[in-house]
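File shown: work07.txt. Contents: compact mmCIF, C-alpha atoms.
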# COMPACT_ATOMS: atom_id res chain seq x y z
CA MET A 8 16.71 -21.08 -57.34
CA ARG A 9 15.83 -24.43 -58.91
CA LEU A 10 13.38 -22.81 -61.31
CA THR A 11 15.94 -20.24 -62.34
CA THR A 12 18.54 -22.93 -62.88
CA ALA A 13 16.13 -24.85 -65.07
CA THR A 14 15.29 -21.80 -67.11
CA CYS A 15 18.98 -20.96 -67.32
CA ALA A 16 19.65 -24.39 -68.77
CA LEU A 17 16.80 -23.89 -71.23
CA ALA A 18 18.14 -20.48 -72.12
CA TRP A 19 21.61 -21.82 -72.82
CA MET A 20 20.18 -24.63 -74.86
CA LEU A 21 18.27 -22.11 -76.96
CA VAL A 22 21.37 -19.95 -77.30
CA ALA A 23 23.23 -22.99 -78.53
CA MET A 24 20.39 -23.68 -80.97
CA GLY A 25 20.62 -20.12 -82.17
CA LEU A 26 24.33 -20.51 -82.71
CA SER A 27 24.13 -23.74 -84.62
CA PRO A 28 24.53 -23.16 -88.36
CA GLY A 29 21.52 -25.24 -89.36
CA ALA A 30 19.12 -23.33 -87.13
CA SER A 31 17.91 -21.04 -89.90
CA ALA A 32 16.65 -23.91 -92.01
CA ASP A 33 13.08 -23.97 -90.70
CA THR A 34 12.96 -20.82 -88.63
CA GLY A 35 13.60 -17.73 -90.65
CA ARG A 36 15.80 -14.80 -89.86
CA SER A 37 15.21 -12.40 -92.72
CA GLN A 38 14.50 -9.21 -90.82
CA LEU A 39 17.31 -6.67 -90.63
CA LEU A 40 19.96 -6.85 -87.92
CA ALA A 41 18.86 -5.57 -84.48
CA THR A 42 15.18 -5.24 -85.47
CA GLY A 43 14.21 -7.92 -82.94
CA GLY A 44 15.56 -5.78 -80.14
CA VAL A 45 16.89 -7.52 -77.06
CA SER A 46 15.09 -9.17 -74.14
CA THR A 47 13.92 -7.02 -71.24
CA LEU A 48 14.12 -8.16 -67.62
CA GLU A 49 10.51 -9.29 -67.99
CA GLY A 50 11.25 -11.30 -71.15
CA SER A 51 9.41 -9.19 -73.72
CA ALA A 52 11.44 -7.87 -76.64
CA GLY A 53 12.60 -4.30 -76.21
CA GLY A 54 15.54 -2.84 -74.39
CA GLY A 55 16.67 -3.66 -70.86
CA ILE A 56 13.79 -2.39 -68.72
CA VAL A 57 11.31 -0.98 -71.25
CA PRO A 58 9.52 -3.22 -73.76
CA MET A 59 9.14 -2.10 -77.36
CA ALA A 60 6.67 -2.88 -80.13
CA VAL A 61 9.20 -5.13 -81.85
CA LEU A 62 8.92 -8.91 -81.59
CA SER A 63 11.84 -11.11 -80.57
CA GLY A 64 14.03 -12.80 -83.14
CA TYR A 65 14.33 -12.09 -86.83
CA GLY A 66 11.21 -13.67 -88.29
CA THR A 67 9.40 -11.74 -91.03
CA ARG A 68 5.66 -11.92 -91.74
CA GLU A 69 6.23 -15.38 -93.27
CA GLU A 70 8.74 -16.68 -90.74
CA GLN A 71 9.13 -17.39 -87.06
CA GLY A 72 11.88 -16.54 -84.67
CA GLY A 73 12.77 -16.23 -81.04
CA ALA A 74 15.37 -15.56 -78.45
CA ALA A 75 16.91 -16.94 -75.30
CA PHE A 76 18.69 -14.74 -72.84
CA ALA A 77 20.38 -14.40 -69.50
CA SER A 78 20.71 -11.05 -67.72
CA HIS A 79 22.23 -9.83 -64.51
CA VAL A 80 21.72 -6.61 -62.56
CA HIS A 81 24.19 -5.66 -59.86
CA THR A 82 23.55 -2.80 -57.42
CA PRO A 83 25.14 -2.13 -54.01
CA GLU A 84 22.53 -4.06 -52.00
CA TYR A 85 20.86 -6.28 -54.63
CA ARG A 86 21.60 -8.82 -57.35
CA LEU A 87 18.98 -9.73 -59.91
CA SER A 88 19.49 -12.76 -62.15
CA VAL A 89 17.11 -13.33 -65.01
CA ALA A 90 16.85 -16.00 -67.67
CA GLY A 91 14.19 -16.66 -70.24
CA GLY A 92 13.15 -17.44 -73.75
CA SER A 93 10.65 -16.19 -76.29
CA TRP A 94 9.15 -17.32 -79.55
CA SER A 95 7.64 -15.16 -82.25
CA TRP A 96 5.27 -16.17 -85.00
CA ARG A 97 5.10 -14.32 -88.31
CA ASN A 98 6.09 -11.01 -86.78
CA ARG A 99 2.61 -10.99 -85.27
CA LEU A 100 2.67 -12.79 -81.93
CA GLU A 101 5.39 -13.16 -79.33
CA VAL A 102 5.20 -15.38 -76.26
CA SER A 103 7.82 -15.41 -73.55
CA LEU A 104 8.70 -17.18 -70.33
CA THR A 105 11.08 -15.67 -67.80
CA GLU A 106 12.43 -16.52 -64.37
CA GLN A 107 13.79 -13.84 -62.07
CA ARG A 108 15.71 -14.24 -58.86
CA LEU A 109 16.46 -11.29 -56.62
CA SER A 110 19.14 -11.76 -53.97
CA HIS A 111 18.64 -9.39 -51.05
CA GLN A 112 20.93 -10.47 -48.21
CA PRO A 113 21.41 -6.91 -46.84
CA LEU A 114 17.62 -6.48 -46.65
CA SER A 115 17.28 -9.82 -44.82
CA ASN A 116 19.94 -8.73 -42.35
CA ARG A 117 18.15 -5.44 -41.80
CA LEU A 118 14.76 -7.17 -41.34
CA GLY A 119 16.23 -10.06 -39.33
CA VAL A 120 14.72 -12.73 -41.59
CA GLY A 121 16.37 -15.86 -42.92
CA GLN A 122 15.08 -15.78 -46.46
CA ASP A 123 17.58 -14.04 -48.72
CA SER A 124 16.03 -14.20 -52.20
CA ILE A 125 12.77 -13.76 -54.05
CA ARG A 126 11.87 -15.63 -57.23
CA GLN A 127 9.30 -14.64 -59.77
CA SER A 128 8.01 -16.13 -63.03
CA VAL A 129 6.72 -13.99 -65.86
CA ILE A 130 4.64 -15.27 -68.75
CA GLY A 131 4.36 -12.71 -71.51
CA ALA A 132 2.49 -12.30 -74.78
CA LYS A 133 2.65 -9.50 -77.30
CA VAL A 134 0.68 -8.84 -80.47
CA ARG A 135 1.80 -6.49 -83.21
CA LEU A 136 -1.27 -4.42 -83.98
CA LEU A 137 -0.06 -2.27 -86.86
CA GLY A 138 2.86 -0.70 -88.62
CA ASP A 139 6.41 -1.72 -89.33
CA LEU A 140 9.38 -0.51 -87.32
CA ILE A 141 11.15 0.69 -90.48
CA TYR A 142 8.90 0.68 -93.53
CA THR A 143 5.73 2.50 -92.54
CA PRO A 144 5.60 6.27 -91.91
CA TRP A 145 3.78 5.56 -88.65
CA PRO A 146 5.37 3.55 -85.83
CA GLN A 147 4.99 -0.14 -85.16
CA VAL A 148 2.42 -0.53 -82.41
CA SER A 149 2.01 -3.60 -80.21
CA LEU A 150 -0.14 -4.64 -77.28
CA GLY A 151 1.39 -6.84 -74.60
CA VAL A 152 0.61 -8.58 -71.33
CA GLN A 153 2.94 -9.85 -68.62
CA HIS A 154 1.47 -12.17 -66.04
CA LYS A 155 3.70 -12.40 -62.99
CA LYS A 156 3.75 -14.86 -60.12
CA ASN A 157 5.89 -14.13 -57.07
CA HIS A 158 7.06 -17.41 -55.49
CA ASP A 159 8.49 -15.99 -52.26
CA PHE A 160 5.82 -13.72 -50.90
CA PHE A 161 6.94 -13.67 -47.26
CA VAL A 162 9.06 -10.51 -47.41
CA PRO A 163 6.74 -8.69 -49.88
CA SER A 164 3.71 -9.37 -47.67
CA ALA A 165 5.63 -8.16 -44.62
CA ALA A 166 6.31 -4.97 -46.54
CA GLY A 167 2.58 -4.53 -47.11
CA ALA A 168 2.07 -5.94 -50.60
CA LYS A 169 -1.46 -7.22 -51.16
CA ASP A 170 -1.03 -9.92 -53.84
CA ASP A 171 1.58 -12.43 -54.93
CA SER A 172 0.57 -12.22 -58.59
CA GLY A 173 -0.51 -9.59 -61.04
CA THR A 174 -0.84 -8.78 -64.71
CA ASP A 175 0.68 -5.82 -66.51
CA VAL A 176 -0.85 -4.66 -69.78
CA TYR A 177 1.09 -2.34 -72.04
CA VAL A 178 0.99 -0.63 -75.41
CA SER A 179 4.26 0.22 -77.15
CA ALA A 180 4.87 2.40 -80.19
CA THR A 181 8.32 2.09 -81.74
CA LYS A 182 9.87 3.75 -84.77
CA LEU A 183 13.28 3.56 -86.38
CA VAL A 184 13.86 6.88 -88.12
CA LEU A 185 16.34 6.14 -90.92
CA ALA A 186 19.09 8.76 -90.99
CA GLY A 187 17.14 10.52 -88.23
CA ALA A 188 20.13 11.79 -86.22
CA ALA A 189 22.94 13.32 -88.31
CA GLY A 190 22.67 10.46 -90.79
CA ARG A 191 22.48 7.84 -88.04
CA ASN A 192 19.36 5.76 -87.52
CA LEU A 193 17.32 6.96 -84.57
CA LEU A 194 15.29 4.58 -82.42
CA LEU A 195 12.28 6.02 -80.60
CA ASN A 196 9.94 4.11 -78.30
CA ALA A 197 7.10 5.00 -75.98
CA THR A 198 5.30 2.52 -73.76
CA LEU A 199 2.23 2.97 -71.60
CA ARG A 200 1.75 0.32 -68.93
CA SER A 201 -1.09 -0.52 -66.61
CA THR A 202 0.36 -2.10 -63.48
CA LYS A 203 0.20 -2.51 -59.72
CA ALA A 204 3.52 -4.32 -59.45
CA ASN A 205 6.04 -3.25 -56.81
CA GLN A 206 9.61 -3.42 -58.19
CA LEU A 207 8.48 -5.50 -61.21
CA GLY A 208 6.39 -7.65 -58.84
CA LEU A 209 9.44 -8.88 -56.91
CA VAL A 210 7.97 -6.98 -53.95
CA GLY A 211 4.47 -8.17 -54.77
CA PHE A 212 1.48 -6.32 -56.13
CA GLY A 213 -0.52 -3.44 -54.70
CA GLY A 214 -0.10 -2.04 -51.22
CA ASP A 215 -1.52 0.08 -48.45
CA LEU A 216 -1.14 3.35 -50.42
CA ASN A 217 -2.68 2.02 -53.59
CA ASP A 218 -4.13 -1.32 -54.61
CA SER A 219 -5.37 -0.65 -58.11
CA ALA A 220 -3.66 -0.66 -61.49
CA GLU A 221 -2.18 2.66 -62.51
CA LEU A 222 -0.87 3.91 -65.84
CA MET A 223 2.88 4.35 -66.03
CA GLY A 224 4.87 6.00 -68.83
CA GLU A 225 8.07 4.51 -70.19
CA ALA A 226 10.37 5.60 -72.97
CA SER A 227 13.50 4.56 -74.83
CA VAL A 228 15.70 6.41 -77.26
CA GLY A 229 18.75 5.16 -79.11
CA VAL A 230 21.13 5.95 -81.92
CA PHE A 231 22.71 3.30 -84.14
CA LEU A 232 26.36 4.23 -84.72
CA ASN A 233 26.22 1.61 -87.45
CA ARG A 234 24.06 -1.47 -87.80
CA HIS A 235 26.02 -3.31 -85.10
CA TRP A 236 26.19 -0.74 -82.30
CA LEU A 237 23.33 0.99 -80.52
CA LEU A 238 23.73 3.62 -77.82
CA GLY A 239 20.65 4.51 -75.84
CA ALA A 240 18.82 5.36 -72.68
CA GLU A 241 15.57 4.30 -71.04
CA TYR A 242 13.19 5.68 -68.49
CA ARG A 243 10.54 3.73 -66.61
CA GLN A 244 8.01 5.32 -64.33
CA LYS A 245 7.18 3.21 -61.28
CA PRO A 246 4.20 3.01 -58.94
CA ASP A 247 4.58 3.86 -55.27
CA ASN A 248 2.12 1.56 -53.55
CA LEU A 249 3.80 0.89 -50.21
CA SER A 250 4.17 3.35 -47.32
CA PHE A 251 6.83 1.17 -45.71
CA ILE A 252 9.18 1.24 -48.70
CA SER A 253 9.14 3.92 -51.35
CA GLU A 254 9.83 3.13 -55.01
CA ASP A 255 11.63 5.36 -57.49
CA ASP A 256 11.50 5.59 -61.29
CA TRP A 257 14.21 3.67 -63.14
CA HIS A 258 16.78 4.93 -65.63
CA THR A 259 19.33 3.17 -67.79
CA ALA A 260 22.02 4.17 -70.26
CA PHE A 261 23.07 1.29 -72.46
CA VAL A 262 25.34 0.04 -75.21
CA ALA A 263 24.04 -2.83 -77.29
CA TRP A 264 26.19 -4.84 -79.66
CA PHE A 265 24.75 -6.95 -82.45
CA PRO A 266 27.72 -8.76 -84.04
CA ASN A 267 25.31 -10.91 -86.06
CA LYS A 268 21.72 -12.16 -86.01
CA GLN A 269 22.58 -15.01 -83.65
CA LEU A 270 24.02 -13.03 -80.78
CA SER A 271 23.66 -9.75 -78.94
CA LEU A 272 25.24 -8.31 -75.86
CA VAL A 273 24.03 -5.38 -73.77
CA GLY A 274 25.87 -3.49 -71.07
CA ALA A 275 24.17 -0.74 -69.13
CA TYR A 276 24.47 1.65 -66.27
CA VAL A 277 21.30 1.47 -64.19
CA ASP A 278 19.87 3.85 -61.63
CA LEU A 279 17.04 2.17 -59.73
CA GLY A 280 16.81 4.84 -57.01
CA GLU A 281 15.56 3.58 -53.66
CA VAL A 282 14.77 -0.15 -53.59
CA ALA A 283 13.13 -1.56 -50.46
CA THR A 284 14.72 0.74 -47.88
CA PHE A 285 18.12 0.99 -49.61
CA PRO A 286 18.61 4.32 -51.43
CA ASP A 287 20.85 5.05 -54.42
CA GLN A 288 20.78 1.63 -56.05
CA ARG A 289 23.01 2.47 -59.00
CA GLY A 290 24.94 -0.25 -60.73
CA TRP A 291 25.36 -2.22 -63.89
CA TYR A 292 23.41 -4.50 -66.12
CA LEU A 293 24.70 -7.16 -68.46
CA SER A 294 22.64 -9.24 -70.87
CA LEU A 295 23.54 -11.94 -73.36
CA GLN A 296 21.03 -13.08 -75.95
CA GLY A 297 20.92 -15.74 -78.58
CA SER A 298 18.40 -15.32 -81.39
CA PHE A 299 17.04 -17.75 -83.89
CA MET B 13 36.09 55.21 -124.58
CA THR B 14 37.60 51.94 -125.72
CA LEU B 15 39.43 51.73 -122.47
CA SER B 16 36.32 52.33 -120.44
CA ARG B 17 34.44 49.76 -122.55
CA ASN B 18 37.24 47.30 -122.04
CA LEU B 19 37.29 48.12 -118.36
CA THR B 20 33.56 47.55 -118.20
CA ARG B 21 33.99 44.22 -120.01
CA LEU B 22 36.83 43.31 -117.71
CA LEU B 23 34.75 44.21 -114.69
CA ALA B 24 31.84 42.25 -116.03
CA LEU B 25 34.10 39.27 -116.73
CA GLY B 26 35.68 39.66 -113.31
CA THR B 27 32.28 39.75 -111.68
CA LEU B 28 31.28 36.64 -113.61
CA LEU B 29 34.48 34.88 -112.63
CA LEU B 30 34.09 35.92 -109.03
CA ALA B 31 30.49 34.84 -109.09
CA GLY B 32 31.68 31.59 -110.59
CA CYS B 33 34.29 31.27 -107.89
CA GLY B 34 31.67 31.99 -105.30
CA THR B 35 29.47 29.29 -106.71
CA LEU B 36 32.37 26.87 -106.91
CA ASN B 37 33.41 27.68 -103.39
CA SER B 38 29.96 27.28 -101.96
CA ALA B 39 29.56 24.06 -103.95
CA SER B 40 32.76 22.57 -102.59
CA GLU B 41 32.00 23.80 -99.07
CA SER B 42 28.43 22.54 -98.98
CA LYS B 43 28.04 18.83 -98.43
CA PRO B 44 28.00 16.60 -101.51
CA ASN B 45 24.51 15.39 -102.30
CA LEU B 46 23.46 11.81 -101.66
CA TYR B 47 24.29 10.71 -105.21
CA GLN B 48 27.85 11.97 -104.78
CA GLN B 49 28.10 10.33 -101.34
CA LEU B 50 27.13 7.03 -103.00
CA GLY B 51 30.09 7.49 -105.34
CA GLY B 52 28.31 9.07 -108.30
CA GLU B 53 27.69 7.07 -111.47
CA SER B 54 30.47 4.55 -110.94
CA GLY B 55 29.58 4.19 -107.25
CA VAL B 56 25.92 3.46 -107.93
CA GLU B 57 26.86 1.02 -110.72
CA ALA B 58 29.19 -0.82 -108.37
CA ILE B 59 26.54 -1.00 -105.62
CA VAL B 60 23.90 -2.36 -108.01
CA TYR B 61 26.32 -4.87 -109.56
CA ASP B 62 27.46 -6.07 -106.12
CA MET B 63 23.83 -6.42 -105.03
CA ILE B 64 22.90 -8.46 -108.13
CA VAL B 65 25.80 -10.84 -107.44
CA ARG B 66 24.46 -11.28 -103.91
CA ILE B 67 20.90 -11.84 -105.18
CA ALA B 68 22.21 -14.62 -107.45
CA ASP B 69 23.67 -16.29 -104.37
CA ASP B 70 20.63 -15.98 -102.08
CA GLU B 71 18.12 -18.81 -102.19
CA ARG B 72 15.40 -16.64 -100.60
CA VAL B 73 15.13 -14.40 -103.64
CA VAL B 74 17.06 -15.82 -106.58
CA GLU B 75 14.11 -17.74 -108.02
CA ARG B 76 12.20 -14.49 -108.46
CA PHE B 77 14.87 -13.38 -110.90
CA HIS B 78 14.87 -16.44 -113.17
CA ASN B 79 12.69 -14.80 -115.79
CA VAL B 80 13.94 -11.28 -115.23
CA ASP B 81 15.98 -9.43 -117.86
CA ILE B 82 18.93 -8.74 -115.55
CA ALA B 83 20.49 -6.07 -117.78
CA ARG B 84 17.20 -4.18 -117.79
CA PHE B 85 16.76 -4.63 -114.03
CA GLN B 86 20.32 -3.41 -113.48
CA GLN B 87 19.80 -0.34 -115.68
CA GLY B 88 16.41 0.42 -114.09
CA LEU B 89 17.72 0.11 -110.54
CA GLU B 90 20.75 2.30 -111.29
CA THR B 91 18.53 5.00 -112.72
CA TYR B 92 16.05 4.69 -109.84
CA ILE B 93 18.77 5.01 -107.19
CA CYS B 94 20.33 7.90 -109.14
CA SER B 95 17.01 9.75 -109.28
CA VAL B 96 16.01 9.26 -105.61
CA SER B 97 19.52 10.34 -104.50
CA ASN B 98 19.33 13.66 -106.41
CA GLY B 99 21.62 12.44 -109.15
CA PRO B 100 21.42 13.75 -112.74
CA CYS B 101 18.90 11.13 -113.84
CA GLU B 102 15.20 10.98 -114.15
CA TYR B 103 13.58 7.61 -113.58
CA THR B 104 11.01 7.27 -116.36
CA GLY B 105 10.25 3.60 -115.86
CA GLU B 106 7.02 2.31 -114.48
CA SER B 107 6.21 3.13 -110.86
CA MET B 108 7.29 0.74 -108.10
CA GLN B 109 3.64 -0.17 -107.66
CA VAL B 110 3.15 -1.09 -111.34
CA VAL B 111 6.45 -2.96 -111.60
CA HIS B 112 5.66 -5.15 -108.60
CA ALA B 113 1.88 -5.49 -108.90
CA GLY B 114 0.54 -9.02 -109.07
CA HIS B 115 3.78 -10.65 -107.95
CA ASN B 116 2.75 -10.94 -104.30
CA TYR B 117 6.26 -10.21 -103.08
CA THR B 118 6.69 -11.21 -99.46
CA ASP B 119 8.00 -9.39 -96.42
CA THR B 120 10.84 -11.93 -96.40
CA GLU B 121 11.80 -11.09 -99.99
CA PHE B 122 11.65 -7.34 -99.40
CA ASN B 123 13.79 -7.55 -96.26
CA THR B 124 16.24 -9.83 -98.01
CA ILE B 125 16.69 -7.37 -100.89
CA VAL B 126 17.20 -4.52 -98.41
CA GLU B 127 19.76 -6.59 -96.51
CA LEU B 128 21.63 -7.42 -99.73
CA LEU B 129 21.61 -3.73 -100.67
CA ILE B 130 23.09 -2.85 -97.27
CA GLU B 131 25.74 -5.55 -97.66
CA ALA B 132 26.56 -4.26 -101.14
CA MET B 133 26.90 -0.70 -99.83
CA GLU B 134 29.12 -1.92 -97.00
CA ALA B 135 31.28 -3.82 -99.47
CA GLN B 136 31.57 -0.65 -101.57
CA GLU B 137 32.50 1.28 -98.43
CA VAL B 138 29.61 3.71 -98.65
CA PRO B 139 29.57 5.85 -95.46
CA VAL B 140 26.94 4.80 -92.89
CA ALA B 141 25.08 8.11 -93.14
CA ALA B 142 24.79 7.82 -96.92
CA GLN B 143 23.59 4.22 -96.60
CA ASN B 144 20.90 5.32 -94.16
CA ARG B 145 19.83 8.26 -96.33
CA LEU B 146 19.39 6.03 -99.36
CA LEU B 147 17.43 3.50 -97.29
CA ALA B 148 15.24 6.34 -96.02
CA GLN B 149 14.44 7.20 -99.65
CA LEU B 150 13.62 3.59 -100.54
CA ALA B 151 11.79 2.44 -97.38
CA PRO B 152 8.39 3.94 -98.31
CA ASP B 153 8.38 1.67 -101.42
CA TYR B 154 7.56 -1.22 -99.05
CA SER B 155 3.84 -0.52 -99.22
CA ASP B 156 3.96 -0.50 -103.07
CA ILE B 157 5.85 -3.78 -103.28
CA VAL B 158 4.92 -6.21 -100.49
CA TYR B 159 1.73 -8.25 -101.04
CA GLN B 160 0.71 -6.22 -104.09

File written out as structure tokens:
Amino acid sequence: MRLTTATCALAWMLVAMGLSPGASADTGRSQLLATGGVSTLEGSAGGGIVPMAVLSGYGTREEQGGAAFASHVHTPEYRLSVAGGSWSWRNRLEVSLTEQRLSHQPLSNRLGVGQDSIRQSVIGAKVRLLGDLIYTPWPQVSLGVQHKKNHDFFVPSAAGAKDDSGTDVYVSATKLVLAGAAGRNLLLNATLRSTKANQLGLVGFGGDLNDSAELMGEASVGVFLNRHWLLGAEYRQKPDNLSFISEDDWHTAFVAWFPNKQLSLVGAYVDLGEVATFPDQRGWYLSLQGSF
Amino acid sequence: MTLSRNLTRLLALGTLLLAGCGTLNSASESKPNLYQQLGGESGVEAIVYDMIVRIADDERVVERFHNVDIARFQQGLETYICSVSNGPCEYTGESMQVVHAGHNYTDTEFNTIVELLIEAMEAQEVPVAAQNRLLAQLAPDYSDIVYQ
């Protein structure tokens, strides 16, 4: 909780920085609106649950940029609060730091344990390998890593998770097809991830069914109604490492609003399937981001 | 004889007129091309003029235009947009690559110009789909312009 609060404060400070009029003086913001994406639950630029090849903020190849964000996921039995920040250098390298806190009181009641939340930190890095989201005929392709450390391993270990930390590696290919859908711009993204994380790592890493990294497919598609509004959907394949609790693939349907380059807001319907013994975890997702 | 010839002529004329009608009908039914969606000659001129005003006010790019013949740039850009949007113009100027070679234009400058073009099109109330279609025509020029 304390870590999350600290990161929250940092996030709000960065949002405030992003909102201040003088912020563009030394950090650039010359890329087109929405091209920095939004911040995923793991802090990397992308959508809500699937990272993309884009880098956070609006820095071009001569500029830098970044983002700070706070997100909340609300399902019948769980609440996930996330806050973080990222910094991007010359549209080449992105680094991010994110704190997650999962509240799981119903699970604690069911298990008869006192602990009611799990915190996790994620340190991420992403490198743009080739291409430009808009200007090259081929997609923008990036390679990313997310190192995760679970700080409350008691419940995950009881569920059969093997490790309290793990590292995801992913490759994303993202393309904005101008006028690709009845004159509207079409956003296409595919991500391939190597992971052994259970529920992002909030339920630890590896398990009795499988304890090695597996490749998971993820995808996002969206249509820009105009340059301020994006409608889209995401899919994220998940591992199923634990015999005690099964894990389902995730789906979202989202609306993202980019009123300007300083601010973005995402609302989504999420379907997380079964999460740690509770089935049908469908709910909503809300994310606020400040960019600079 | 005369009557039949006249009838034939009349028929031929009628056929031509009908054919003409058909063409007119299909032309008005089919969607206007991109040039027309941009507002035709006056629309493209207004977009380019609006964009140049914005360039003059943007510190990221204005210095690049200090030694540029603005009238020539304006004319060239109008003709270029007209030609890539299927308007009745043929761009005979130098290629994008030749025009920009040696200037080492940056990613920042290119993105800024695109952004100013979008703002100009928005100000001229160009429909979103037409904006996107024009950008789709211009986007491949990136590789001929940036860091050349």

Report as JSON the centre and the edge lengths, in Å to one decimal, of the axis-aligned box holding every listed atom of stretch 129-141 of chain B, padded by 4 Å on each side.
{"center_x": 27.1, "center_y": 1.3, "center_z": -97.2, "size_x": 18.9, "size_y": 21.7, "size_z": 16.7}

Quiz item: Of the candidates A:Arg234, A:Arg117, A:Arg289, A:Arg243, which shows the shortest atom-to-atom distance to chain B, using only C-alpha atoms?
Solution: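 Of the candidates, the smallest distance to chain B is held by A:Arg234.
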
Spatial neighbours of A:Ser149, 7 Å, only C-alpha atoms, chain gap at least 6 places, as a PDB file with C-alpha atoms, in the frame of the given file:
ATOM      1  CA  ALA A  60       6.670  -2.880 -80.130  1.00  0.00           C
ATOM      2  CA  LYS A 133       2.650  -9.500 -77.300  1.00  0.00           C
ATOM      3  CA  VAL A 134       0.680  -8.840 -80.470  1.00  0.00           C
ATOM      4  CA  ARG A 135       1.800  -6.490 -83.210  1.00  0.00           C
ATOM      5  CA  LEU A 136      -1.270  -4.420 -83.980  1.00  0.00           C
ATOM      6  CA  VAL A 178       0.990  -0.630 -75.410  1.00  0.00           C
ATOM      7  CA  SER A 179       4.260   0.220 -77.150  1.00  0.00           C
ATOM      8  CA  ALA A 180       4.870   2.400 -80.190  1.00  0.00           C
TER       9      ALA A 180
END

Quiz prompt | Interface residues on chain B facing chain A, 8 Å, all atoms listed in the file, written as a VMD selection string | solution = chain B and resid 118 to 120 123 to 124 127 140 to 142 144 to 145 147 to 148 151 to 155

Keeping only C-alpha atoms, write those residues as a short mmCIF file (atom, residue, chain, number, x, y, z; two decimals), in the coordinates of the input.
data_model
loop_
_atom_site.label_atom_id
_atom_site.label_comp_id
_atom_site.auth_asym_id
_atom_site.auth_seq_id
_atom_site.Cartn_x
_atom_site.Cartn_y
_atom_site.Cartn_z
CA THR B 118 6.69 -11.21 -99.46
CA ASP B 119 8.00 -9.39 -96.42
CA THR B 120 10.84 -11.93 -96.40
CA ASN B 123 13.79 -7.55 -96.26
CA THR B 124 16.24 -9.83 -98.01
CA GLU B 127 19.76 -6.59 -96.51
CA VAL B 140 26.94 4.80 -92.89
CA ALA B 141 25.08 8.11 -93.14
CA ALA B 142 24.79 7.82 -96.92
CA ASN B 144 20.90 5.32 -94.16
CA ARG B 145 19.83 8.26 -96.33
CA LEU B 147 17.43 3.50 -97.29
CA ALA B 148 15.24 6.34 -96.02
CA ALA B 151 11.79 2.44 -97.38
CA PRO B 152 8.39 3.94 -98.31
CA ASP B 153 8.38 1.67 -101.42
CA TYR B 154 7.56 -1.22 -99.05
CA SER B 155 3.84 -0.52 -99.22
#

Quiz item: Taking (5.1, 0.5, -55.4) in the file's coordinates as the center, which residues reach within 7 Å of it, counting all atoms listed in the file, put as an MDAnalysis selection string?
Solution: chainID A and resid 204:206 213 245:249 253:254

Quiz prompt | Gap from atom CA of B:Tyr92 to atom CA of A:Tyr65 - Å, one decimal | solution = 28.5 Å

Quiz item: Once you count only C-alpha atoms, which residues end up no further than 7 Å from (-3.2, -6.8, -50.9) in the file's frame, shown as a list in words?
Solution: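 Those residues, ordered by chain and then number, are Ala168, Lys169, Asp170, Gly213, Gly214 and Asp218 of chain A.
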
Self-check item: Exercise: A:Leu207 partners within 9 Å, all atoms listed in the file, chain neighbours under 4 positions left out, as a list in words
Solution: Leu48, Glu49, Lys155, Lys203, Gly211, Phe212 and Lys245 of chain A

Export C-alpha atoms of the chosen residues as a PDB file, keeping the file's coordinate frame?
ATOM      1  CA  LEU A  48      14.120  -8.160 -67.620  1.00  0.00           C
ATOM      2  CA  GLU A  49      10.510  -9.290 -67.990  1.00  0.00           C
ATOM      3  CA  LYS A 155       3.700 -12.400 -62.990  1.00  0.00           C
ATOM      4  CA  LYS A 203       0.200  -2.510 -59.720  1.00  0.00           C
ATOM      5  CA  GLY A 211       4.470  -8.170 -54.770  1.00  0.00           C
ATOM      6  CA  PHE A 212       1.480  -6.320 -56.130  1.00  0.00           C
ATOM      7  CA  LYS A 245       7.180   3.210 -61.280  1.00  0.00           C
TER       8      LYS A 245
END

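Atom CA of B:Glu75 to atom CA of B:Gly114 spans 16.2 Å [interatomic distance, one decimal].
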
Exercise. Quick one: pull the distance between atom CA of A:Ile130 and atom CA of A:Ser46, Å, one decimal.
Key: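 It comes out at 13.2 Å.
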
Practice problem: Give the answer as one residue: which of A:Asn157, A:Gln244, A:Thr82, A:Ser128 has the shortest atom-to-atom distance to A:Gln288, using only C-alpha atoms? | Solution: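 Between A:Asn157, A:Gln244, A:Thr82, A:Ser128, the residue approaching A:Gln288 most closely is A:Thr82.
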
Spatial neighbours of A:Arg126, 10 Å, only C-alpha atoms, chain gap at least 2 places, as a compact mmCIF listing (two decimals) with C-alpha atoms, in the coordinates of the input:
# COMPACT_ATOMS: atom_id res chain seq x y z
CA MET A 8 16.71 -21.08 -57.34
CA ARG A 9 15.83 -24.43 -58.91
CA LEU A 10 13.38 -22.81 -61.31
CA THR A 11 15.94 -20.24 -62.34
CA LEU A 87 18.98 -9.73 -59.91
CA SER A 88 19.49 -12.76 -62.15
CA VAL A 89 17.11 -13.33 -65.01
CA GLU A 106 12.43 -16.52 -64.37
CA GLN A 107 13.79 -13.84 -62.07
CA ARG A 108 15.71 -14.24 -58.86
CA LEU A 109 16.46 -11.29 -56.62
CA SER A 110 19.14 -11.76 -53.97
CA SER A 124 16.03 -14.20 -52.20
CA SER A 128 8.01 -16.13 -63.03
CA LYS A 156 3.75 -14.86 -60.12
CA ASN A 157 5.89 -14.13 -57.07
CA HIS A 158 7.06 -17.41 -55.49
CA ASP A 159 8.49 -15.99 -52.26
CA PHE A 160 5.82 -13.72 -50.90
CA GLY A 208 6.39 -7.65 -58.84
CA LEU A 209 9.44 -8.88 -56.91
